[in-house]
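Down below is the structure, laid out as C-alpha cells.
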Amino acid sequence: MINQDEIKRDYIDAKEAGLILDLSPSRISRLCSSGRFNGAFKTGGSWLIPRKSVENFERLRPGVKPKGNSGKTQRE
C-alpha cells in the first residue's frame, strides 16, 4: 500500500502534469484513461500520475494511434 508521504513525493495530479506537458487537465485525464501514463490511478475522482511517467511521456505524431488493444476483437 502506498503511504501519504510517497504519494506527495512521487505522484502528481492531472493539473500539475498538464502544466509540465503544456496540455489541459482534461487531456491529461483522457491520456490516463487510455493507459498512456504507466502507473496512473484514479482516487476520489482525480488522477494521480507517477512523476516519472510524466517526465518520460512521449508525444505521438499526429494521426498515430498507440499500439495495443483498440477495443475491437480480431476476426479469426
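By convention in this document, the chains of the C-alpha cells carry letters A, B, ... by their order, each chain's residues are numbered from 1, and ligands are numbered from 1 in the order they are shown.
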
Item checked: Polymer residues at most 9 Å from Phe57 in chain A, only C-alpha atoms, same-chain spacing of 4 or more positions, as an MDAnalysis selection string -> chainID A and resid 21 36:37 52:53

Include C-alpha atoms and write out the residues we just selected as a compact mmCIF listing (two decimals), in the first residue's frame.
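In the end it all went to again.txt:
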```txt
# COMPACT_ATOMS: atom_id res chain seq x y z
CA LEU A 21 3.46 18.96 -20.55
CA ARG A 36 -0.68 6.37 -21.66
CA PHE A 37 0.75 7.06 -18.18
CA LYS A 52 8.48 9.55 -13.68
CA SER A 53 5.69 8.68 -16.14
```

Next item on the list: Could you give me, as a list in words, the residues within 10 Å of Ile28 in chain A, counting only C-alpha atoms and dropping anything in the same chain fewer than 5 positions from it?
Entry: Asp13, Ala14, Lys15, Glu16, Ala17, Gly18, Leu21, Asp22, Leu23, Ser33, Ser34, Arg36, Phe37, Trp47, Ile49 and Val54 of chain A

Per-residue DSSP, chain A, filtered to alpha helix (DSSP H), as a compact mmCIF listing (two decimals) with N, CA and C atoms, in the first residue's frame:
```txt
# COMPACT_ATOMS: atom_id res chain seq x y z
N GLN A 4 0.97 8.23 2.40
CA GLN A 4 0.74 9.63 2.01
C GLN A 4 2.04 10.35 1.63
N ASP A 5 3.13 10.09 2.34
CA ASP A 5 4.40 10.74 2.02
C ASP A 5 4.90 10.33 0.64
N GLU A 6 4.74 9.06 0.31
CA GLU A 6 5.16 8.56 -1.00
C GLU A 6 4.31 9.18 -2.11
N ILE A 7 3.03 9.33 -1.86
CA ILE A 7 2.15 9.95 -2.86
C ILE A 7 2.57 11.39 -3.10
N LYS A 8 2.79 12.15 -2.05
CA LYS A 8 3.19 13.55 -2.20
C LYS A 8 4.53 13.69 -2.91
N ARG A 9 5.44 12.76 -2.69
CA ARG A 9 6.77 12.83 -3.27
C ARG A 9 6.81 12.32 -4.71
N ASP A 10 6.10 11.23 -5.00
CA ASP A 10 6.27 10.53 -6.28
C ASP A 10 5.13 10.69 -7.27
N ALA A 14 -3.48 15.66 -12.34
CA ALA A 14 -3.63 15.97 -13.77
C ALA A 14 -3.33 17.44 -14.06
N LYS A 15 -3.67 18.32 -13.12
CA LYS A 15 -3.43 19.75 -13.32
C LYS A 15 -1.93 20.04 -13.40
N GLU A 16 -1.17 19.48 -12.46
CA GLU A 16 0.28 19.69 -12.47
C GLU A 16 0.94 19.04 -13.68
N ALA A 17 0.48 17.83 -14.05
CA ALA A 17 1.01 17.17 -15.24
C ALA A 17 0.73 18.00 -16.48
N GLY A 18 -0.45 18.61 -16.53
CA GLY A 18 -0.80 19.47 -17.66
C GLY A 18 0.11 20.67 -17.77
N LEU A 19 0.47 21.26 -16.63
CA LEU A 19 1.39 22.39 -16.65
C LEU A 19 2.77 21.97 -17.15
N ILE A 20 3.22 20.81 -16.72
CA ILE A 20 4.54 20.31 -17.14
C ILE A 20 4.56 20.02 -18.64
N LEU A 21 3.49 19.39 -19.15
CA LEU A 21 3.46 18.96 -20.55
C LEU A 21 2.78 19.95 -21.49
N PRO A 25 -5.75 19.82 -18.28
CA PRO A 25 -6.01 18.73 -17.34
C PRO A 25 -6.99 17.70 -17.89
N SER A 26 -7.96 18.13 -18.70
CA SER A 26 -8.90 17.17 -19.27
C SER A 26 -8.20 16.25 -20.28
N ARG A 27 -7.25 16.78 -21.03
CA ARG A 27 -6.48 15.95 -21.97
C ARG A 27 -5.62 14.95 -21.19
N ILE A 28 -5.03 15.40 -20.10
CA ILE A 28 -4.23 14.51 -19.26
C ILE A 28 -5.12 13.38 -18.73
N SER A 29 -6.34 13.71 -18.31
CA SER A 29 -7.27 12.69 -17.81
C SER A 29 -7.60 11.67 -18.88
N ARG A 30 -7.81 12.13 -20.11
CA ARG A 30 -8.09 11.20 -21.21
C ARG A 30 -6.89 10.30 -21.49
N LEU A 31 -5.70 10.86 -21.41
CA LEU A 31 -4.49 10.06 -21.61
C LEU A 31 -4.35 9.01 -20.50
N CYS A 32 -4.69 9.39 -19.28
CA CYS A 32 -4.68 8.42 -18.16
C CYS A 32 -5.67 7.30 -18.41
N SER A 33 -6.88 7.67 -18.84
CA SER A 33 -7.93 6.67 -19.10
C SER A 33 -7.51 5.68 -20.18
N ARG A 51 5.30 10.74 -11.15
CA ARG A 51 6.12 11.84 -11.69
C ARG A 51 7.03 11.33 -12.82
N LYS A 52 7.58 10.13 -12.65
CA LYS A 52 8.48 9.55 -13.68
C LYS A 52 7.74 9.30 -14.99
N SER A 53 6.47 8.90 -14.92
CA SER A 53 5.69 8.68 -16.14
C SER A 53 5.49 9.97 -16.91
N VAL A 54 5.31 11.07 -16.20
CA VAL A 54 5.15 12.37 -16.85
C VAL A 54 6.48 12.81 -17.46
N GLU A 55 7.57 12.63 -16.72
CA GLU A 55 8.90 13.01 -17.22
C GLU A 55 9.27 12.21 -18.47
```

Notebook entry, point to check: Running DSSP on the backbone, which parts of range 27-68 of chain A land in strand (DSSP E or B), as a ChimeraX atom specification?
Noted result: /A:41-43,46-50

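Taking CA of Asn3 in chain A as the reference point, CA of Glu58 in chain A is found at 28.3 Å.
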